[in-house]
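J.: Below are the structure tokens for one structure; questions will follow.
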Amino acid sequence: SSTAWITYQLNPNFLVQEELTVWRTTDGGLNWLPSSALDVPSDSEFTVLSDLAFADSRNGWLIAHVGVGMNHDYFSLFATQDGGDFWRRIVDPFSTPDIQGCLKTGLQFANASTAWLTMDCQGVLAGAFLYQTTDGGFTWETVQLPPPEDDAALFTRAFCSTHAPRFTGPEAGSIYLKCVPSSDFNVEENFLYRTEDAGMSWETVSVPAGELQMLDDDVGWALSSDIYQTLNGGASWQLLGTVAWEGQFSFVSRLAGWAIAKDGEEFALVRTGDGGASWQLLEPEALQ
């Protein structure tokens, strides 16, 4: 309730370099302090920050995308052990070349040493790619994902990508698998992968199309113009409602959530008290 971190970039032209920091608050947002400047490689094509992740109040990580190439998303990984005051670059395109391929779609640390990195190879490579570290992000190993038991040919007949890593500990967690059949790019086949043994084995269930957000092991949403909710870990899904806007969603309980709604060039902040079945517009008020 009192501690948070944020990054932002003043210049929308990502080809223009600027000094970048991570801002932090320990009093619920009343005051913010900047970190020391990030040591971004001097030969970076550009710098775009993403995936700010903390395992606890002191240990955090941050991705800085620094270049692109043929099916490559070159990045540096920064880590802090003092709550975000100083950030050390622990991965760059030269020190860890084996994880520089494919677009990075998500990073989550389960504790100070174990994390998961998801990727989208955009159809260039067959299979679904997931990486794990057990030493705080210095080295990474490939986790082999099996196709669903009832669809052994999935990775040969469809292009798949991994997203939304969510781990409650070093062994138990889930990821989201999005697949597009090579025979029809207008179709999505999505799956929730869950493990209880750090990725040695996986259970899979089908998920409706959209962005997956899991609140806990049981409650989650598949979010697009159609809003689906599961209360049993994805075993079944209920269509709660349909919206006419694109949304960036955030839920804090089975019923309460917010969304930044976009309709054309118009934006609004909306909230729900019934899990997403209905939404109310929040009108801004000037501070006195």
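As shown in the structure tokens, the chain order sets the letters A, B, ...; within each chain, residues go from 1, and ligands are also counted from 1 in the order they appear.
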Extract the full set of alpha helix (DSSP H) residues from stretch 93-265 of chain A according to DSSP on the backbone, and format it as a PyMOL selection string.

T.: chain A and resi 154-157

J.: Excluding same-chain residues fewer than 6 positions from A:Ala110, what lies within 12 Å of it counting only C-alpha atoms, as a count of residues only?

T.: 26

J.: Name the closest residue to A:Glu45 among the candidates A:Asp73, A:Glu211, A:Glu141, A:Asp27; distances are taken between atoms, counting only C-alpha atoms.

T.: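 Using only C-alpha atoms, the shortest distance to A:Glu45 belongs to A:Asp73.
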
J.: Can you build me a table of stretch 130-249 of chain A residues sitting at most 9 Å from stretch 91-104 of chain A, with the closest atom pair per residue and its distance in Å to one decimal, using only C-alpha atoms, sorted by chain and residue number, as a Markdown table?

T.:
| residue | atom | partner | partner_atom | distance |
| --- | --- | --- | --- | --- |
| A:Tyr131 | CA | A:Ile99 | CA | 8.1 |
| A:Gly137 | CA | A:Val91 | CA | 7.7 |
| A:Phe138 | CA | A:Val91 | CA | 6.4 |
| A:Thr139 | CA | A:Thr96 | CA | 7.5 |
| A:Trp140 | CA | A:Ile99 | CA | 7.6 |
| A:Glu141 | CA | A:Ile99 | CA | 8.9 |
| A:Thr142 | CA | A:Ile99 | CA | 9.0 |
| A:His163 | CA | A:Lys104 | CA | 8.8 |

J.: Nearest residue to A:Asp51 out of A:Leu212, A:Leu223, A:Ile6, A:Val124, using only C-alpha atoms?

T.: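 Closest candidate: A:Ile6.
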
J.: Using only C-alpha atoms, which residues sit within 7 Å of A:Arg88 once same-chain residues fewer than 5 positions away are excluded, as a ChimeraX atom specification?

T.: /A:78-80

J.: For stretch 148-153 of chain A, please output as a PyMOL selection string all residues within 9 Å (counting only C-alpha atoms; exclusion window: fewer than 6 positions along the same chain).

T.: chain A and resi 191+193+202-205

J.: Go ahead and write the residues just picked, C-alpha atoms, as a tab-separated table (two decimals), in the first residue's frame.

T.:
chain	number	residue	atom	x	y	z
A	191	PHE	CA	-4.20	-22.11	-23.70
A	193	TYR	CA	-0.34	-23.72	-19.01
A	202	TRP	CA	2.44	-28.86	-17.33
A	203	GLU	CA	-1.35	-29.05	-17.32
A	204	THR	CA	-3.20	-27.20	-20.08
A	205	VAL	CA	-6.72	-25.84	-20.53

J.: From stretch 106-215 of chain A, collect each residue whose DSSP state is strand (DSSP E) and return the set as a PyMOL selection string.

T.: chain A and resi 106-109+115-120+129-133+141-144+158-167+173-181+189-195+203-207+211-214

J.: If we count only C-alpha atoms and set the cut-off at 10 Å, which residues sit around A:Trp32, ignoring sequence neighbours fewer than 2 positions away in its own chain? Please answer as a VMD selection string.

T.: chain A and resid 4 to 6 22 to 30 34 to 35

J.: Using the selection just defined, write its residues with N, CA, C and O atoms as an mmCIF file, in the first residue's frame.

T.:
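The result, written out as result.cif:
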data_model
loop_
_atom_site.group_PDB
_atom_site.id
_atom_site.type_symbol
_atom_site.label_atom_id
_atom_site.label_comp_id
_atom_site.auth_asym_id
_atom_site.auth_seq_id
_atom_site.Cartn_x
_atom_site.Cartn_y
_atom_site.Cartn_z
ATOM 1 N N ALA A 4 6.028 1.655 -4.243
ATOM 2 C CA ALA A 4 5.801 1.417 -5.670
ATOM 3 C C ALA A 4 6.960 1.983 -6.468
ATOM 4 O O ALA A 4 7.741 2.812 -5.976
ATOM 5 N N TRP A 5 7.058 1.540 -7.733
ATOM 6 C CA TRP A 5 8.091 2.010 -8.646
ATOM 7 C C TRP A 5 7.450 2.326 -9.990
ATOM 8 O O TRP A 5 6.413 1.745 -10.358
ATOM 9 N N ILE A 6 8.069 3.232 -10.736
ATOM 10 C CA ILE A 6 7.556 3.570 -12.056
ATOM 11 C C ILE A 6 8.712 4.012 -12.952
ATOM 12 O O ILE A 6 9.704 4.574 -12.481
ATOM 13 N N VAL A 22 14.678 5.079 -12.576
ATOM 14 C CA VAL A 22 13.489 4.442 -12.014
ATOM 15 C C VAL A 22 13.072 5.270 -10.791
ATOM 16 O O VAL A 22 13.891 5.531 -9.907
ATOM 17 N N TRP A 23 11.809 5.681 -10.758
ATOM 18 C CA TRP A 23 11.295 6.473 -9.643
ATOM 19 C C TRP A 23 10.606 5.562 -8.642
ATOM 20 O O TRP A 23 9.957 4.586 -9.029
ATOM 21 N N ARG A 24 10.732 5.889 -7.347
ATOM 22 C CA ARG A 24 10.147 5.036 -6.318
ATOM 23 C C ARG A 24 9.502 5.898 -5.235
ATOM 24 O O ARG A 24 9.933 7.034 -4.977
ATOM 25 N N THR A 25 8.469 5.337 -4.625
ATOM 26 C CA THR A 25 7.808 5.978 -3.497
ATOM 27 C C THR A 25 7.707 4.974 -2.362
ATOM 28 O O THR A 25 7.552 3.774 -2.597
ATOM 29 N N THR A 26 7.805 5.455 -1.135
ATOM 30 C CA THR A 26 7.612 4.602 0.040
ATOM 31 C C THR A 26 6.533 5.172 0.950
ATOM 32 O O THR A 26 6.370 4.712 2.084
ATOM 33 N N ASP A 27 5.802 6.184 0.467
ATOM 34 C CA ASP A 27 4.734 6.788 1.277
ATOM 35 C C ASP A 27 3.417 6.891 0.504
ATOM 36 O O ASP A 27 2.678 7.848 0.629
ATOM 37 N N GLY A 28 3.168 5.859 -0.324
ATOM 38 C CA GLY A 28 1.897 5.805 -1.035
ATOM 39 C C GLY A 28 1.768 6.786 -2.178
ATOM 40 O O GLY A 28 0.650 7.066 -2.630
ATOM 41 N N GLY A 29 2.888 7.326 -2.676
ATOM 42 C CA GLY A 29 2.844 8.205 -3.828
ATOM 43 C C GLY A 29 2.926 9.677 -3.511
ATOM 44 O O GLY A 29 2.924 10.504 -4.422
ATOM 45 N N LEU A 30 3.015 10.054 -2.230
ATOM 46 C CA LEU A 30 3.116 11.477 -1.881
ATOM 47 C C LEU A 30 4.448 12.057 -2.349
ATOM 48 O O LEU A 30 4.514 13.201 -2.815
ATOM 49 N N PRO A 34 14.223 9.620 -7.579
ATOM 50 C CA PRO A 34 14.785 8.915 -8.732
ATOM 51 C C PRO A 34 15.966 8.044 -8.324
ATOM 52 O O PRO A 34 16.682 8.329 -7.356
ATOM 53 N N SER A 35 16.184 6.995 -9.095
ATOM 54 C CA SER A 35 17.362 6.163 -8.908
ATOM 55 C C SER A 35 18.557 6.836 -9.576
ATOM 56 O O SER A 35 18.435 7.885 -10.225
#

J.: Record the distance separating atom CA of A:Glu189 and atom CA of A:Arg271, expressed in Å with one decimal.

T.: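 These atoms are spaced 28.6 Å apart.
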
J.: Write out as a count of residues only which residues come within 12 Å of A:Thr156 when counting only C-alpha atoms, dropping same-chain ones fewer than 2 positions away.

T.: 19

J.: For each of A:Leu192, A:Ala37, A:Val207, A:Ala222, take the minimum atom-to-atom distance to A:Glu18, counting only C-alpha atoms, then give the residue where this is smallest.

T.: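 Among the listed residues, the smallest separation from A:Glu18 belongs to A:Ala37.
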
J.: As an MDAnalysis selection string, please: the residues near A:Leu240 (cut-off 7 Å, only C-alpha atoms, same-chain neighbours under 2 positions excluded).

T.: chainID A and resid 227:229 238 276:277

J.: May I have the residues from that selection written out with C-alpha atoms, as a compact mmCIF listing (two decimals), in the first residue's frame?

T.:
# COMPACT_ATOMS: atom_id res chain seq x y z
CA ILE A 227 -15.07 -10.33 -21.41
CA TYR A 228 -14.87 -13.88 -20.06
CA GLN A 229 -14.25 -14.90 -16.47
CA GLN A 238 -18.47 -17.46 -18.50
CA GLY A 276 -16.52 -6.86 -15.92
CA ALA A 277 -20.19 -7.39 -16.74

J.: Could you check which of A:Gly241, A:Glu265, A:Leu52, A:Ala209 is closest to A:Phe109, using only C-alpha atoms?

T.: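 Result for the nearest residue to A:Phe109: A:Leu52.
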
J.: At what distance in Å, to one decimal, does atom CA of A:Thr118 lie from atom CA of A:Asp39?

T.: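 These two atoms are separated by 24.2 Å.
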